[in-house]
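Just work-v2.txt here, compact mmCIF, C-alpha atoms:
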```txt
# COMPACT_ATOMS: atom_id res chain seq x y z
CA MET O 1 4.28 68.91 101.90
CA LEU O 2 4.30 72.68 102.41
CA ASP O 3 1.30 74.49 100.95
CA PHE O 4 2.59 77.94 99.98
CA ILE O 5 -0.90 79.17 99.13
CA LYS O 6 -2.09 78.85 102.75
CA MET O 7 0.86 80.76 104.21
CA ASN O 8 1.02 84.44 104.94
CA ARG O 9 3.58 86.64 103.24
CA PHE O 10 6.09 86.63 106.12
CA THR O 11 5.98 82.87 106.68
CA PHE O 12 6.62 82.28 102.99
CA PHE O 13 9.52 84.75 103.04
CA ILE O 14 11.15 83.08 106.08
CA ILE O 15 10.84 79.57 104.63
CA HIS O 16 12.09 80.72 101.22
CA PHE O 17 15.01 82.54 102.88
CA LEU O 18 16.00 79.56 105.07
CA ILE O 19 15.93 77.12 102.15
CA SER O 20 18.02 79.55 100.09
CA CYS O 21 20.53 79.86 102.96
CA CYS O 22 20.89 76.08 103.20
CA VAL O 23 21.56 75.82 99.45
CA ALA O 24 24.09 78.67 99.65
CA LEU O 25 25.91 77.04 102.57
CA VAL O 26 26.34 73.79 100.65
CA ALA O 27 27.53 75.71 97.58
CA SER O 28 29.95 77.82 99.64
CA TYR O 29 31.58 74.63 100.92
CA PHE O 30 32.34 73.57 97.36
CA VAL O 31 33.55 77.03 96.34
CA PHE O 32 35.80 77.84 99.32
CA PHE O 33 36.93 74.40 100.48
CA ILE O 34 37.14 72.30 97.29
CA TRP O 35 37.26 74.48 94.18
CA TYR O 36 39.17 77.46 95.63
CA PRO O 37 40.66 76.36 98.97
CA TYR O 38 42.45 79.04 100.97
CA PRO O 39 44.45 80.99 99.87
CA LEU O 40 43.52 80.33 96.24
CA TYR O 41 40.20 82.17 96.43
CA ARG O 42 42.23 85.32 97.21
CA ALA O 43 44.90 84.53 94.62
CA LEU O 44 42.27 84.26 91.89
CA GLY O 45 39.99 87.04 93.17
CA VAL O 46 36.73 85.09 93.24
CA VAL O 47 35.35 86.33 96.57
CA ASP O 48 33.39 89.23 95.03
CA ILE O 49 31.95 86.99 92.30
CA ALA O 50 30.94 84.34 94.85
CA VAL O 51 29.29 86.99 97.05
CA ILE O 52 27.20 88.17 94.09
CA VAL O 53 26.15 84.60 93.26
CA PHE O 54 25.16 83.87 96.86
CA ALA O 55 23.42 87.24 97.25
CA ILE O 56 21.17 86.46 94.28
CA ASP O 57 20.22 83.18 95.91
CA VAL O 58 19.87 84.30 99.54
CA ILE O 59 18.63 87.89 99.18
CA LEU O 60 17.18 88.68 95.77
CA GLY O 61 15.09 85.52 95.39
CA PRO O 62 13.31 85.71 98.77
CA ILE O 63 12.78 89.49 98.46
CA LEU O 64 11.15 89.11 95.04
CA GLY O 65 8.99 86.32 96.47
CA PHE O 66 7.98 88.56 99.37
CA ILE O 67 7.04 91.40 96.99
CA ILE O 68 4.83 89.34 94.66
CA TYR O 69 3.26 87.11 97.33
CA ASP O 70 -0.47 87.68 97.59
CA LYS O 71 -2.82 84.82 98.51
CA THR O 72 -5.69 86.49 96.63
CA LYS O 73 -3.88 86.34 93.27
CA ALA O 74 -5.09 83.61 90.96
CA SER O 75 -1.63 83.42 89.35
CA LEU O 76 0.28 83.11 92.64
CA LYS O 77 1.52 79.55 92.00
CA PHE O 78 2.78 80.52 88.56
CA ASP O 79 4.45 83.69 89.87
CA ILE O 80 6.25 81.75 92.63
CA PHE O 81 7.34 79.12 90.11
CA VAL O 82 8.78 81.77 87.78
CA ILE O 83 10.72 83.50 90.59
CA ILE O 84 12.16 80.25 91.91
CA LEU O 85 13.05 79.17 88.37
CA ILE O 86 14.88 82.46 87.72
CA GLN O 87 16.59 82.29 91.12
CA PHE O 88 17.67 78.69 90.59
CA SER O 89 18.84 79.28 87.00
CA ALA O 90 20.94 82.33 87.95
CA PHE O 91 22.44 80.48 90.91
CA ILE O 92 23.33 77.39 88.88
CA TYR O 93 24.83 79.53 86.11
CA GLY O 94 26.94 81.39 88.69
CA LEU O 95 28.18 78.12 90.21
CA TYR O 96 28.91 76.71 86.77
CA THR O 97 30.98 79.80 85.92
CA LEU O 98 32.93 79.54 89.19
CA ASN O 99 33.53 75.85 88.58
CA GLN O 100 34.78 76.37 85.03
CA ALA O 101 37.18 79.16 86.07
CA ARG O 102 38.67 77.39 89.09
CA PRO O 103 42.32 76.29 89.28
CA LEU O 104 42.33 72.58 88.56
CA TYR O 105 46.13 72.34 88.45
CA LEU O 106 49.06 74.21 89.99
CA VAL O 107 51.80 73.52 87.47
CA PHE O 108 55.50 73.78 88.29
CA ALA O 109 56.94 75.66 85.33
CA GLY O 110 60.67 75.56 85.99
CA TYR O 111 61.00 78.36 88.54
CA ASN O 112 57.52 78.83 89.92
CA PHE O 113 54.01 77.37 90.03
CA GLU O 114 51.32 78.68 87.70
CA THR O 115 47.57 78.30 88.15
CA VAL O 116 45.82 76.55 85.27
CA ARG O 117 42.08 77.05 85.21
CA LYS O 118 39.66 74.32 84.24
CA ASN O 119 38.42 76.26 81.21
CA GLU O 120 42.02 76.76 80.00
CA LEU O 121 42.88 73.08 79.79
CA ILE O 122 43.80 71.62 76.43
CA ASP O 123 42.40 68.13 75.94
CA GLY O 124 45.36 65.86 76.29
CA GLY O 125 43.32 62.70 76.43
CA ASP O 126 41.50 63.56 79.66
CA THR O 127 37.90 64.71 79.51
CA VAL O 128 37.21 67.23 82.26
CA ASP O 129 33.57 68.20 82.55
CA PHE O 130 31.49 69.82 85.30
CA PHE O 131 30.47 66.61 87.05
CA SER O 132 33.67 64.56 86.75
CA ALA O 133 35.75 67.20 88.54
CA ILE O 134 33.16 68.59 90.95
CA PHE O 135 34.87 66.98 93.98
CA GLN O 136 38.45 67.46 92.73
CA LYS O 137 40.68 69.89 94.62
CA PRO O 138 43.53 71.77 92.89
CA GLU O 139 46.46 69.44 92.27
CA PHE O 140 50.19 70.21 92.24
CA VAL O 141 51.84 68.78 89.12
CA SER O 142 55.12 68.98 87.19
CA LEU O 143 55.78 69.04 83.46
CA ASN O 144 57.22 65.83 82.09
CA SER O 145 60.20 65.47 79.76
CA ASN O 146 57.93 65.44 76.67
CA TYR O 147 56.99 69.05 77.39
CA TYR O 148 60.59 70.26 77.38
CA GLU O 149 61.40 68.23 74.28
CA SER O 150 58.42 69.77 72.50
CA ARG O 151 59.51 73.29 73.37
CA LYS O 152 63.08 72.59 72.33
CA ASN O 153 62.34 70.87 69.04
CA LEU O 154 59.12 72.53 67.89
CA LEU O 155 59.25 75.88 69.68
CA ILE O 156 55.73 75.32 70.99
CA SER O 157 54.40 78.30 72.93
CA LYS O 158 53.68 78.53 76.63
CA THR O 159 50.07 77.45 76.08
CA ASN O 160 51.36 73.90 76.42
CA LEU O 161 51.26 74.48 80.16
CA ARG O 162 47.52 73.88 79.69
CA ASP O 163 47.94 70.46 78.05
CA THR O 164 47.23 67.71 80.59
CA SER O 165 49.21 65.17 78.56
CA PHE O 166 52.38 66.91 79.77
CA TYR O 167 51.46 66.64 83.47
CA THR O 168 53.01 64.30 85.99
CA PRO O 169 52.52 64.20 89.79
CA PHE O 170 54.79 66.69 91.53
CA TYR O 171 57.60 65.55 93.79
CA LEU O 172 60.73 67.36 94.93
CA LYS O 173 63.79 66.14 93.05
CA ASN O 174 67.44 67.01 93.56
CA GLY O 175 67.52 68.63 90.13
CA THR O 176 65.86 71.83 88.93
CA GLU O 177 63.05 71.88 91.48
CA HIS O 178 65.46 71.59 94.39
CA SER O 179 67.83 74.28 93.08
CA VAL O 180 65.18 77.01 92.69
CA LEU O 181 63.97 76.89 96.29
CA VAL O 182 64.48 80.16 98.17
CA GLY O 183 65.13 80.55 101.90
CA ILE O 184 62.35 81.74 104.23
CA PRO O 185 64.22 84.90 105.39
CA LEU O 186 63.85 86.44 101.92
CA LEU O 187 60.07 86.64 102.46
CA ASN O 188 60.68 89.42 105.00
CA ARG O 189 61.65 91.71 102.11
CA PHE O 190 58.18 91.49 100.57
CA ASN O 191 55.94 90.90 103.62
CA SER O 192 55.60 92.18 107.14
CA GLU O 193 57.68 90.30 109.69
CA LYS O 194 54.49 89.52 111.62
CA SER O 195 52.89 87.84 108.58
CA VAL O 196 55.97 85.74 107.90
CA GLN O 197 56.29 84.69 111.54
CA SER O 198 52.62 83.70 111.64
CA VAL O 199 53.11 81.38 108.65
CA VAL O 200 56.36 79.96 110.05
CA GLN O 201 54.62 79.14 113.33
CA LYS O 202 51.82 77.40 111.46
CA TYR O 203 54.25 75.44 109.27
CA PRO O 204 57.39 74.97 111.43
CA ASN O 205 58.90 72.44 109.00
CA ALA O 206 58.94 74.95 106.13
CA ASP O 207 62.44 76.12 105.25
CA SER O 208 62.10 77.30 101.64
CA TRP O 209 59.62 78.46 98.98
CA VAL O 210 58.91 79.24 95.33
CA PRO O 211 56.45 81.77 93.83
CA LEU O 212 52.90 80.91 92.80
CA ARG O 213 51.66 83.08 89.94
CA ALA O 214 47.93 83.89 89.78
CA ASN O 215 45.82 86.47 87.99
CA ASN O 216 44.82 88.46 91.09
CA LEU O 217 47.55 87.99 93.73
CA ASP O 218 50.84 86.14 93.38
CA MET O 219 51.52 83.96 96.40
CA VAL O 220 54.05 81.49 97.81
CA VAL O 221 54.35 77.70 97.96
CA LEU O 222 56.25 76.45 100.99
CA PHE O 223 58.63 73.48 101.01
CA SER O 224 60.68 71.47 103.43
CA LYS O 225 64.05 70.87 101.78
CA GLU O 226 65.12 68.56 104.55
CA GLU O 227 62.03 66.38 104.21
CA ARG O 228 61.93 66.85 100.40
CA LYS O 229 58.25 67.72 100.69
CA LEU O 230 55.82 70.34 99.39
CA ILE O 231 53.97 71.77 102.39
CA ALA O 232 51.33 74.30 101.36
CA ALA O 233 50.40 77.39 99.35
CA VAL O 234 50.25 80.42 101.65
CA ASP O 235 49.07 84.02 101.47
CA LEU O 236 52.45 85.76 101.29
CA ARG O 237 53.89 87.90 98.51
CA PRO O 238 56.88 86.48 96.56
CA TRP O 239 57.97 89.93 95.25
```
For this file, produce the structure as structure tokens.
Amino acid sequence: MLDFIKMNRFTFFIIHFLISCCVALVASYFVFFIWYPYPLYRALGVVDIAVIVFAIDVILGPILGFIIYDKTKASLKFDIFVIILIQFSAFIYGLYTLNQARPLYLVFAGYNFETVRKNELIDGGDTVDFFSAIFQKPEFVSLNSNYYESRKNLLISKTNLRDTSFYTPFYLKNGTEHSVLVGIPLLNRFNSEKSVQSVVQKYPNADSWVPLRANNLDMVVLFSKEERKLIAAVDLRPW
């Protein structure tokens, strides 16, 4: 086991920094590949927040440890414990906040998809806590017939988009979903031709799209009408 008291200041700083980097790398995998997979981290504007959270862990913690480290201090063990506790607590709180605000569902709302954050969900019989959904990626869903009946009969507001009891797995039908799909050429009106061509080359089967509404940047969800398949959310503007 490492004995921090016998180290010099620089050795302690390097070890503290490397451990912090390893923790940040694991956390960044969850943030950018599971909770906010590309392009959703841009759509929801979480990059700056994530950078702050990781900076506290990787930079601020080791620097504070470097400043207070002095082998001659009788309270060194306590001081190191306090700094690591503060560093860990701030980091965990930041991750918890990112987890709670992440898009757990991309809900098809008639003419477009809307992002529904984890902390916006209304309990529809499903309990969604930090640990049960930690490995769950955003899921594309539709609203079932009960949702539309509720709106028609009871004039329930749009907040019902957040009620998981109205969700059903998304699939492309010949009805409303199929009729709202827009042709790829229209994307050239709102994006550079180079950007559109890059996406088309990456997804050659894509022939249509619908908008994806998000709080930071609205994006596009690509479809293949011919294959009746949802392909991917991409970083293009729908308007």
Selected residue, from O:Val180, O:Ala101, O:Val141, O:Ile67, that lies nearest to O:Asn119 when counting all atoms listed in the file: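 Of O:Val180, O:Ala101, O:Val141, O:Ile67, the one nearest O:Asn119, counting all atoms listed in the file, is O:Ala101.
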Nearest residue to O:Ile184 from the set O:Leu212, O:Leu236, O:Val26, O:Ala55 (distances using only C-alpha atoms):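 Looking only at the distances to O:Ile184, the closest residue turns out to be O:Leu236.
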Would you list the contacts of stretch 37-41 of chain O as a PDB file with C-alpha atoms, in the frame of the given file, taking every protein, DNA or RNA residue within 7 Å and counting all atoms listed in the file, but skipping same-chain residues closer than 4 positions in sequence?
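Result file follows (around_27.pdb):
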```
ATOM      1  CA  PHE O  32      35.800  77.840  99.320  1.00  0.00           C
ATOM      2  CA  PHE O  33      36.930  74.400 100.480  1.00  0.00           C
ATOM      3  CA  GLY O  45      39.990  87.040  93.170  1.00  0.00           C
ATOM      4  CA  VAL O  46      36.730  85.090  93.240  1.00  0.00           C
ATOM      5  CA  VAL O  47      35.350  86.330  96.570  1.00  0.00           C
ATOM      6  CA  ALA O 233      50.400  77.390  99.350  1.00  0.00           C
ATOM      7  CA  VAL O 234      50.250  80.420 101.650  1.00  0.00           C
ATOM      8  CA  ASP O 235      49.070  84.020 101.470  1.00  0.00           C
TER       9      ASP O 235
END
```
Point-to-point distance from atom CA of O:Asn99 to atom CA of O:Leu217, Å rounded to tenths: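 Here the two named atoms are 19.2 Å from each other.
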Coordinates-based distance that separates atom CA of O:Phe170 from atom CA of O:Met219 (Å, one decimal):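 Between atom CA of O:Met219 and atom CA of O:Phe170 the gap works out to 18.2 Å.
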Atom CA of O:Val51 to atom CA of O:Val221, straight-line distance in Å: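 A separation of 26.7 Å between them.
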Stretch 59-62 of chain O surroundings by all atoms listed in the file, 6 Å radius, close-in-sequence under 2 positions cut, as a ChimeraX atom specification: /O:13,16-17,55-57,64-65,87
Which residue of O:Ile83, O:Ile49, O:Leu121, O:Ile14 approaches O:Tyr105 most closely, using only C-alpha atoms: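 Ranking O:Ile83, O:Ile49, O:Leu121, O:Ile14 by distance to O:Tyr105, first place goes to O:Leu121.
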Of the listed residues O:Tyr29, O:Phe66, O:Arg42, O:Ile231, that which approaches O:Asp79 most closely, counting all atoms listed in the file: O:Phe66
Nearest to O:Phe30 by atom-to-atom distance, counting only C-alpha atoms, from O:Ile134, O:Leu230, O:Ile68, O:Ile15: O:Ile134
Residue nearest O:Tyr36 - candidates O:Lys225, O:Lys202, O:Arg117, O:Lys194, atoms counted: all atoms listed in the file: O:Arg117
Using 8 Å of padding on each side, determine the axis-aligned box around all atoms of stretch 184-191 of chain O present in the file and give its centre and edge lengths in Å to one decimal, as lines of an AutoDock Vina configuration file.
```
center_x = 60.1
center_y = 86.7
center_z = 103.0
size_x = 24.3
size_y = 26.0
size_z = 20.8
```
Expected answer as a count of residues only: all residues with atoms within 10 Å of (53.4, 72.5, 91.8), only C-alpha atoms: 28
Answer as a ChimeraX atom specification, residues within 8 Å of (23.0, 84.2, 92.3) using all atoms listed in the file: /O:52-58,87-88,90-94
Exercise: O:Tyr203 partners within 10 Å, only C-alpha atoms, chain neighbours under 3 positions left out, as a PyMOL selection string: chain O and resi 197-200+206-207+222-224+231-232+234
